[in-house]
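Written below as structure tokens is the structure these notes are about.
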Amino acid sequence: MKIYKLLLYIILLIPVLASAQEITGTVTDARTNEAIAGATIRSADSGSVIKDLTRTDAKGRFTLDATGIKSLRFCMVGYNDKLYTFTSVKTIHITLEPSTIDLQQVVVSASRERQARQDAPIAISKINATQIHDTKATALYQLLNKVNGVYMVDLGNEQHTMAIRQPITYNALYLYMEDGLPIRPTGIFNHNSLYEINMSGVRDIEVIKGPASSLYGSNAIGGAINFITQGPPAGYAGNISLQGDNNNYRRIDADGGFTSGKFGLYAGGYAARQRNGWQDYTDFNKYSVNLKSTYDFDAATRLTAAVAYNYLNTQTPGSLDSAKFYSRSYGANQRFTYRKVEALRANTKLEHAWNNKSNTFLTLFYRNNSTAQLPSYFISDVRDANGNYLSSNGQENDQSFHSLGLLAQHRQDFDFLRSRLIVGVYADNSPSSYYAKFLDIQKDVANNFYTGYTSTGRYIDDYRIKLFNTAAYTQYEIRPTDPLRIVMGLRYDRIHYNFTNRIPAGSTKYKQQETNDFNIVAPKLGLTYNFGNNKGLYANYSVGFQPPETGDLYSARQLTPLKQATFNNYEAGGWFAAFNKKVYVEVTLYNLEGRNEIISQLLPDNTTQNQNAGATRHQGIEYSVAYAPSKEWAFRFSGTNARHTYVDYSEVTTNYATGTTTVTSFNGNRMTNAPAWIANSELTYKPAYLPGFRIAPEWQHINHYFTNPANTKSYGGYDIFNLRLGYDVKGNLLKGAGIWFNVINVTNQLYATTVLANQYGTTYNAAAPRVYTLGISYSFAKN
């Protein structure tokens, strides 16, 4: 009898077993093909109870019993949800598209740990892989200027300067990072240094606005920008693209990689060149490459090794006088200046998760950098007391450094008040050298053209610096109630300069040897309050610091001694979503008080010298509005209104004819090169009837600003319009092919990205007239 019962059970169980539906698969980023860890998989059947069925592991893999389920929804913060309806296939591959309209982005720059954007009590924005793909930028300013509060100034051939909560400035008020590591050491800032980034290898860009010194240290004052590089794809993937424009700019990009078992590898880069462009004497070559490999010892331990190399060789035409600028005569007034840059960076990171509440990483890094140039901005005229021309001079210089350092951080979560402690240490040993040789410049005065130069063999500067920066930081976060988070941070830095002059004593009037130490403590206190339904507020107080740059402290040209600058920042902001999450709004108010801020003073010979301003004030509001009425349409408006003021600042001028000096106070005046309103807006259309097609018009506005401290000279600003079209083939034999067509400055507007005034006139850094760019690409991937 028992045998018959057993047979009956087996017969009844057969249809149940037959209906069991085990599904396995992977979830990857649709743009980078990297595995997405922690993606949530839910039942999407109508009327079913919404619950999490499972999550993907560190390699984006999942396995679940989908018995009785007809469809699944795949969800991840920062990505658009994706619906999957079952077929007979048991192994599936899901790709998620990064969302461009979402306040709940995942960011890492807030604490060097992955966290939701709304949990970070700072003003932080993210440019994700979809925005990078759709923009097809030929220079980083075309991406960064989409961020509210940011104006990256295009100086041509990937050269630039920046304005974030500051006027347009060439000074060391920003920190540029790659995967959380500063690309240059403290004390050797270069306003151009983002040409040392491989645009082709960037996955995401995160922008912190305001001081972040409590976590990142020096120079993170106006803002900090972190470029997160691509990692190995799941399975294998690759991409190649070609592009060119009507000004003879040509570029080829290629990247690819694979993951096999525990090992993964990514390699990517580009080569660009310019010949006979719209402006005279602007040829350049750029080569960039990134390599990144990963090895997973187990699910909790990963080793990552990365190498980046960037080379730039560019001619530098200099700025234009008003006559040439307004007549659109884009000729250079010389044909011999240049800039040559080589930047090599390497790092190895070991990361281990002790458990879900504890994580540690240790990073060792190396840098080797050289910047040689004959800069146009150091060409100056010597005049007599009546302003009559006498002669001209300039210089060739070279700055190089190499670095060895480490960054270690530990994160520990506690049950007490659901708190989190982060502690870290940083050490950077970066010996550097610098020399500048004096040049006699020949000039055709009648035509205002510098015809050539002769090296005098005399050194203006020739020195070595032992630069050593050590730091320790901590951040403690508590969550006393569900909606409230309080974050406290503190960082201590000791920055040591040991200067040695290689010019023999007696042949120079300035110092032979000097040691400078800067000891800085930077605190931060912030909180967020989440009202739920994508509504919340945040506030913070933070301190930023800026030690003088080595080039400013020790240059023979720098006649004014400099002090360390400090900044106290007070800000508050909020965010909310409306109309069923179709509208997202972010607003931030800030007040940044500078003491001993280091600013550039324009000298009569058109060169600059840094000096401390007694006090400055930077106040403003940053805002962004995103509206997506449907999956086809998306609208974004980003802007900032700001007032940058001299609180305590004066300049001393000398009349050499009479021997008298005059002190002029500019207290209460607007700071130079400080637009009161910066805005950027974009409308994107991706029609459902033509998957893969996109069209996006864009508007950029820069308000008028004063070009001298007396506020007697100004520039009217500009409005330009850009248009971007693209098509990525989603099916048939051409799947993976892409084409795009961008038009920058559609209306052919005459405008300048920077304007400087001196007693002899005004100079303009002209922007390009209308530019057409056409590109094609092909990509493939398999998991």
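Residues in the structure tokens are numbered from 1 in each chain, the chains being A, B, ... in the order shown, and ligands are numbered from 1 in the order shown.
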
Subject >> Spatial neighbours of segment 426-438 of chain A, max dist 8 Å, only C-alpha atoms, sep filter under 3 positions, as JSON, numbers by chain >> reply: {"A": [185, 393, 394, 395, 396, 397, 398, 399, 400, 401, 402, 403, 404, 405, 406, 407, 408, 455, 456, 457, 458, 459, 460, 461, 462, 463, 464, 465, 466, 467, 468, 469, 470, 471, 472]}

Report as a PDB file with N, CA and C atoms, in the first residue's frame all protein, DNA and RNA residues lying within 9 Å of segment 103-118 of chain A, evaluated on only C-alpha atoms, omitting residues in the same chain fewer than 5 positions from it.
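Listing of around.pdb after writing:
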```pdb
ATOM      1  N   VAL A  77      19.157  52.210  -8.045  1.00  0.00           N
ATOM      2  CA  VAL A  77      19.232  53.650  -7.844  1.00  0.00           C
ATOM      3  C   VAL A  77      20.170  54.262  -8.881  1.00  0.00           C
ATOM      4  N   GLY A  78      19.689  55.302  -9.576  1.00  0.00           N
ATOM      5  CA  GLY A  78      20.488  55.966 -10.594  1.00  0.00           C
ATOM      6  C   GLY A  78      20.270  55.425 -11.991  1.00  0.00           C
ATOM      7  N   TYR A  79      19.402  54.403 -12.130  1.00  0.00           N
ATOM      8  CA  TYR A  79      19.122  53.800 -13.434  1.00  0.00           C
ATOM      9  C   TYR A  79      17.615  53.792 -13.692  1.00  0.00           C
ATOM     10  N   ILE A 124      26.227  68.431  -4.506  1.00  0.00           N
ATOM     11  CA  ILE A 124      26.987  67.533  -5.370  1.00  0.00           C
ATOM     12  C   ILE A 124      26.136  67.161  -6.578  1.00  0.00           C
ATOM     13  N   SER A 125      26.749  67.151  -7.742  1.00  0.00           N
ATOM     14  CA  SER A 125      26.057  66.804  -8.983  1.00  0.00           C
ATOM     15  C   SER A 125      26.832  65.718  -9.701  1.00  0.00           C
ATOM     16  N   LYS A 126      26.100  64.972 -10.526  1.00  0.00           N
ATOM     17  CA  LYS A 126      26.717  63.854 -11.229  1.00  0.00           C
ATOM     18  C   LYS A 126      26.382  63.915 -12.710  1.00  0.00           C
ATOM     19  N   ASP A 179      39.345  58.919  -9.718  1.00  0.00           N
ATOM     20  CA  ASP A 179      39.019  57.818  -8.791  1.00  0.00           C
ATOM     21  C   ASP A 179      39.386  58.166  -7.359  1.00  0.00           C
ATOM     22  N   GLY A 180      39.112  59.413  -6.971  1.00  0.00           N
ATOM     23  CA  GLY A 180      39.310  59.848  -5.595  1.00  0.00           C
ATOM     24  C   GLY A 180      40.716  60.259  -5.244  1.00  0.00           C
ATOM     25  N   GLU A 206      31.691  63.481 -11.009  1.00  0.00           N
ATOM     26  CA  GLU A 206      30.993  64.023  -9.849  1.00  0.00           C
ATOM     27  C   GLU A 206      31.601  65.364  -9.477  1.00  0.00           C
ATOM     28  N   VAL A 207      30.739  66.338  -9.218  1.00  0.00           N
ATOM     29  CA  VAL A 207      31.173  67.702  -8.924  1.00  0.00           C
ATOM     30  C   VAL A 207      30.649  68.103  -7.549  1.00  0.00           C
ATOM     31  N   ILE A 208      31.567  68.334  -6.616  1.00  0.00           N
ATOM     32  CA  ILE A 208      31.215  68.892  -5.314  1.00  0.00           C
ATOM     33  C   ILE A 208      31.400  70.399  -5.412  1.00  0.00           C
ATOM     34  N   ALA A 212      35.447  71.190   0.347  1.00  0.00           N
ATOM     35  CA  ALA A 212      35.427  69.775   0.726  1.00  0.00           C
ATOM     36  C   ALA A 212      36.750  69.417   1.380  1.00  0.00           C
ATOM     37  N   LEU A 215      37.479  66.379   3.927  1.00  0.00           N
ATOM     38  CA  LEU A 215      37.697  65.027   3.425  1.00  0.00           C
ATOM     39  C   LEU A 215      38.878  64.953   2.469  1.00  0.00           C
ATOM     40  N   ALA A 224      35.320  70.523  -5.979  1.00  0.00           N
ATOM     41  CA  ALA A 224      36.159  69.353  -6.237  1.00  0.00           C
ATOM     42  C   ALA A 224      35.485  68.524  -7.317  1.00  0.00           C
ATOM     43  N   ILE A 225      36.254  68.093  -8.314  1.00  0.00           N
ATOM     44  CA  ILE A 225      35.715  67.315  -9.424  1.00  0.00           C
ATOM     45  C   ILE A 225      36.410  65.961  -9.454  1.00  0.00           C
ATOM     46  N   ASN A 226      35.609  64.906  -9.398  1.00  0.00           N
ATOM     47  CA  ASN A 226      36.131  63.542  -9.347  1.00  0.00           C
ATOM     48  C   ASN A 226      35.734  62.815 -10.628  1.00  0.00           C
ATOM     49  N   GLN A 409      41.708  54.044   4.090  1.00  0.00           N
ATOM     50  CA  GLN A 409      40.451  54.448   4.729  1.00  0.00           C
ATOM     51  C   GLN A 409      39.726  53.215   5.259  1.00  0.00           C
ATOM     52  N   ARG A 411      35.886  52.092   7.050  1.00  0.00           N
ATOM     53  CA  ARG A 411      34.511  52.462   7.381  1.00  0.00           C
ATOM     54  C   ARG A 411      33.921  51.420   8.306  1.00  0.00           C
ATOM     55  N   ILE A 422      34.072  56.889   9.590  1.00  0.00           N
ATOM     56  CA  ILE A 422      35.082  56.777   8.531  1.00  0.00           C
ATOM     57  C   ILE A 422      36.355  57.431   9.025  1.00  0.00           C
ATOM     58  N   GLN A 475      35.276  61.090   9.741  1.00  0.00           N
ATOM     59  CA  GLN A 475      33.908  61.545   9.514  1.00  0.00           C
ATOM     60  C   GLN A 475      32.978  60.617  10.277  1.00  0.00           C
ATOM     61  N   THR A 528      21.122  66.213   6.887  1.00  0.00           N
ATOM     62  CA  THR A 528      20.065  66.080   5.888  1.00  0.00           C
ATOM     63  C   THR A 528      18.793  65.656   6.599  1.00  0.00           C
ATOM     64  N   ASN A 530      15.116  64.026   5.415  1.00  0.00           N
ATOM     65  CA  ASN A 530      14.344  63.458   4.304  1.00  0.00           C
ATOM     66  C   ASN A 530      12.882  63.364   4.715  1.00  0.00           C
ATOM     67  N   ASN A 534      10.712  61.793  -2.025  1.00  0.00           N
ATOM     68  CA  ASN A 534      11.706  62.586  -2.747  1.00  0.00           C
ATOM     69  C   ASN A 534      11.648  64.071  -2.393  1.00  0.00           C
ATOM     70  N   GLY A 536      13.403  66.759   0.605  1.00  0.00           N
ATOM     71  CA  GLY A 536      14.325  66.844   1.721  1.00  0.00           C
ATOM     72  C   GLY A 536      15.070  68.158   1.771  1.00  0.00           C
ATOM     73  N   LEU A 537      15.763  68.364   2.889  1.00  0.00           N
ATOM     74  CA  LEU A 537      16.568  69.557   3.114  1.00  0.00           C
ATOM     75  C   LEU A 537      17.942  69.148   3.601  1.00  0.00           C
ATOM     76  N   TYR A 538      18.924  70.019   3.388  1.00  0.00           N
ATOM     77  CA  TYR A 538      20.244  69.797   3.975  1.00  0.00           C
ATOM     78  C   TYR A 538      20.864  71.137   4.313  1.00  0.00           C
ATOM     79  N   TRP A 575      15.619  69.631  -1.976  1.00  0.00           N
ATOM     80  CA  TRP A 575      15.245  68.977  -3.215  1.00  0.00           C
ATOM     81  C   TRP A 575      13.809  68.457  -3.079  1.00  0.00           C
ATOM     82  N   PHE A 576      13.125  68.366  -4.189  1.00  0.00           N
ATOM     83  CA  PHE A 576      11.805  67.749  -4.158  1.00  0.00           C
ATOM     84  C   PHE A 576      11.433  67.261  -5.549  1.00  0.00           C
ATOM     85  N   ALA A 577      10.534  66.291  -5.572  1.00  0.00           N
ATOM     86  CA  ALA A 577       9.978  65.779  -6.815  1.00  0.00           C
ATOM     87  C   ALA A 577       8.479  66.062  -6.817  1.00  0.00           C
ATOM     88  N   TYR A 584      11.871  67.288 -11.067  1.00  0.00           N
ATOM     89  CA  TYR A 584      12.831  67.268  -9.970  1.00  0.00           C
ATOM     90  C   TYR A 584      13.453  68.651  -9.849  1.00  0.00           C
ATOM     91  N   VAL A 585      13.541  69.141  -8.623  1.00  0.00           N
ATOM     92  CA  VAL A 585      14.094  70.477  -8.371  1.00  0.00           C
ATOM     93  C   VAL A 585      15.127  70.384  -7.257  1.00  0.00           C
ATOM     94  N   GLU A 586      16.256  71.048  -7.449  1.00  0.00           N
ATOM     95  CA  GLU A 586      17.285  71.192  -6.417  1.00  0.00           C
ATOM     96  C   GLU A 586      17.657  72.659  -6.293  1.00  0.00           C
TER      97      GLU A 586
END
```

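Comparing the minimum interatomic distances between Arg494 of chain A and each of A:Arg328, A:Asn386, A:Met671, A:Val521, counting only C-alpha atoms, we find that A:Val521 sits nearest.
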
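Considering the residues A:Lys59, A:Lys511, A:His496, A:Arg418 and counting only C-alpha atoms, Gly261 of chain A has its shortest atom-to-atom contact with A:Lys59.
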
**OP:** For segment 187-204 of chain A, work out the shell of residues within 7 Å, counting only C-alpha atoms and skipping chain neighbours fewer than 6 positions away, then give it as a PyMOL selection string.
**Re:** chain A and resi 127-129+158-161+170-172+227-230+253+268-270+288-290+310+343+548-550

How about saving the chosen residues, C-alpha atoms kept, as a short mmCIF file (atom, residue, chain, number, x, y, z; two decimals), in the first residue's frame?
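Everything below was put into again.cif:
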```cif
data_model
loop_
_atom_site.label_atom_id
_atom_site.label_comp_id
_atom_site.auth_asym_id
_atom_site.auth_seq_id
_atom_site.Cartn_x
_atom_site.Cartn_y
_atom_site.Cartn_z
CA ILE A 127 27.23 63.53 -14.97
CA ASN A 128 26.59 59.89 -15.79
CA ALA A 129 27.52 57.59 -18.66
CA GLU A 158 41.58 71.26 -24.06
CA GLN A 159 43.14 74.11 -22.07
CA HIS A 160 40.83 75.76 -19.56
CA THR A 161 40.22 77.51 -16.31
CA TYR A 170 43.54 80.79 -12.62
CA ASN A 171 44.29 80.20 -8.93
CA ALA A 172 44.40 76.99 -6.90
CA PHE A 227 36.50 61.62 -12.62
CA ILE A 228 35.47 58.00 -12.13
CA THR A 229 37.11 55.81 -14.74
CA GLN A 230 35.59 52.83 -16.50
CA ASP A 253 38.67 56.72 -29.75
CA GLY A 268 40.77 52.77 -23.56
CA GLY A 269 42.07 55.98 -25.02
CA TYR A 270 42.03 58.46 -27.84
CA SER A 288 45.56 59.57 -23.81
CA VAL A 289 45.22 56.03 -22.52
CA ASN A 290 43.85 54.31 -19.41
CA ASN A 310 48.36 61.71 -21.15
CA ALA A 343 51.48 63.03 -17.21
CA PRO A 548 50.37 79.34 -1.24
CA GLU A 549 51.52 77.53 -4.35
CA THR A 550 55.22 76.71 -4.56
#
```

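You will find atom CA of Phe74 of chain A at 18.7 Å from atom CA of Ser88 of chain A.
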
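Of the residues listed (A:Ala613, A:Ala66, A:Ile598, A:Val583), A:Val583 shows the shortest atom-to-atom separation from Ile101 of chain A; distances use only C-alpha atoms.
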
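Within segment 299-372 of chain A, the backbone-based DSSP assignment of helix (DSSP H, G or I) covers Ser322, Ala323, Lys324, Phe325 and Tyr326 of chain A.
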
Original post:
Residues of segment 499-550 of chain A in strand (DSSP E) according to DSSP, as number ranges by chain?
Top reply: A: 499-501, 513-530, 535-546

With N, CA and C atoms retained, write the just-selected residues as a CSV table (one decimal), in the first residue's frame.
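Result file follows (result.csv):
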```
chain,number,residue,atom,x,y,z
A,499,PHE,N,62.6,74.4,0.2
A,499,PHE,CA,63.0,75.0,-1.1
A,499,PHE,C,64.6,75.2,-1.1
A,500,THR,N,65.2,74.9,-2.3
A,500,THR,CA,66.6,75.1,-2.5
A,500,THR,C,66.8,75.7,-3.8
A,501,ASN,N,67.5,76.9,-3.8
A,501,ASN,CA,67.8,77.6,-5.0
A,501,ASN,C,69.0,77.1,-5.6
A,513,GLN,N,67.6,79.4,0.4
A,513,GLN,CA,67.0,78.2,1.0
A,513,GLN,C,65.9,78.6,2.0
A,514,GLU,N,64.9,77.9,2.0
A,514,GLU,CA,63.8,78.2,2.9
A,514,GLU,C,62.9,77.0,3.1
A,515,THR,N,62.4,76.9,4.3
A,515,THR,CA,61.4,75.8,4.7
A,515,THR,C,60.1,76.5,5.2
A,516,ASN,N,59.0,76.0,4.6
A,516,ASN,CA,57.7,76.5,5.0
A,516,ASN,C,56.8,75.3,5.4
A,517,ASP,N,56.2,75.5,6.5
A,517,ASP,CA,55.2,74.4,7.0
A,517,ASP,C,53.9,75.1,7.2
A,518,PHE,N,52.8,74.4,6.8
A,518,PHE,CA,51.5,74.8,7.0
A,518,PHE,C,50.7,73.7,7.7
A,519,ASN,N,50.2,74.1,8.9
A,519,ASN,CA,49.4,73.1,9.7
A,519,ASN,C,47.9,73.6,9.7
A,520,ILE,N,47.1,72.8,9.1
A,520,ILE,CA,45.7,73.2,8.9
A,520,ILE,C,44.7,72.2,9.5
A,521,VAL,N,43.7,72.7,10.2
A,521,VAL,CA,42.6,71.9,10.6
A,521,VAL,C,41.3,72.3,9.9
A,522,ALA,N,40.6,71.4,9.3
A,522,ALA,CA,39.4,71.7,8.5
A,522,ALA,C,38.2,70.9,9.1
A,523,PRO,N,37.3,71.6,9.7
A,523,PRO,CA,36.1,70.9,10.2
A,523,PRO,C,34.9,71.0,9.3
A,524,LYS,N,33.9,70.1,9.5
A,524,LYS,CA,32.7,70.2,8.7
A,524,LYS,C,31.5,69.7,9.6
A,525,LEU,N,30.4,70.3,9.5
A,525,LEU,CA,29.2,69.8,10.2
A,525,LEU,C,28.0,70.0,9.3
A,526,GLY,N,27.3,68.9,9.0
A,526,GLY,CA,26.2,68.9,8.1
A,526,GLY,C,25.1,68.0,8.5
A,527,LEU,N,23.9,68.2,7.9
A,527,LEU,CA,22.8,67.4,8.2
A,527,LEU,C,21.8,67.3,7.0
A,528,THR,N,21.1,66.2,6.9
A,528,THR,CA,20.1,66.1,5.9
A,528,THR,C,18.8,65.7,6.6
A,529,TYR,N,17.7,66.1,6.1
A,529,TYR,CA,16.4,65.7,6.6
A,529,TYR,C,15.5,65.3,5.4
A,530,ASN,N,15.1,64.0,5.4
A,530,ASN,CA,14.3,63.5,4.3
A,530,ASN,C,12.9,63.4,4.7
A,535,LYS,N,11.5,64.4,-1.1
A,535,LYS,CA,11.6,65.7,-0.6
A,535,LYS,C,12.5,65.8,0.6
A,536,GLY,N,13.4,66.8,0.6
A,536,GLY,CA,14.3,66.8,1.7
A,536,GLY,C,15.1,68.2,1.8
A,537,LEU,N,15.8,68.4,2.9
A,537,LEU,CA,16.6,69.6,3.1
A,537,LEU,C,17.9,69.1,3.6
A,538,TYR,N,18.9,70.0,3.4
A,538,TYR,CA,20.2,69.8,4.0
A,538,TYR,C,20.9,71.1,4.3
A,539,ALA,N,21.8,71.1,5.2
A,539,ALA,CA,22.6,72.3,5.6
A,539,ALA,C,24.0,71.9,6.0
A,540,ASN,N,25.0,72.7,5.8
A,540,ASN,CA,26.3,72.4,6.3
A,540,ASN,C,27.1,73.7,6.6
A,541,TYR,N,28.1,73.5,7.5
A,541,TYR,CA,29.2,74.5,7.7
A,541,TYR,C,30.5,73.7,7.4
A,542,SER,N,31.3,74.4,6.6
A,542,SER,CA,32.6,73.7,6.3
A,542,SER,C,33.7,74.8,6.1
A,543,VAL,N,34.9,74.3,6.2
A,543,VAL,CA,36.1,75.2,6.1
A,543,VAL,C,37.0,74.7,5.0
A,544,GLY,N,37.4,75.6,4.1
A,544,GLY,CA,38.4,75.3,3.1
A,544,GLY,C,39.7,76.0,3.3
A,545,PHE,N,40.8,75.5,2.8
A,545,PHE,CA,42.1,76.1,3.0
A,545,PHE,C,42.9,76.0,1.7
A,546,GLN,N,43.8,77.0,1.6
A,546,GLN,CA,44.6,77.0,0.4
A,546,GLN,C,46.0,77.6,0.8
```

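Of the listed residues A:Leu553, A:Leu690, A:Ala572, A:Ala44, the one whose atoms come nearest to Tyr623 of chain A is A:Ala572, with distances taken using only C-alpha atoms.
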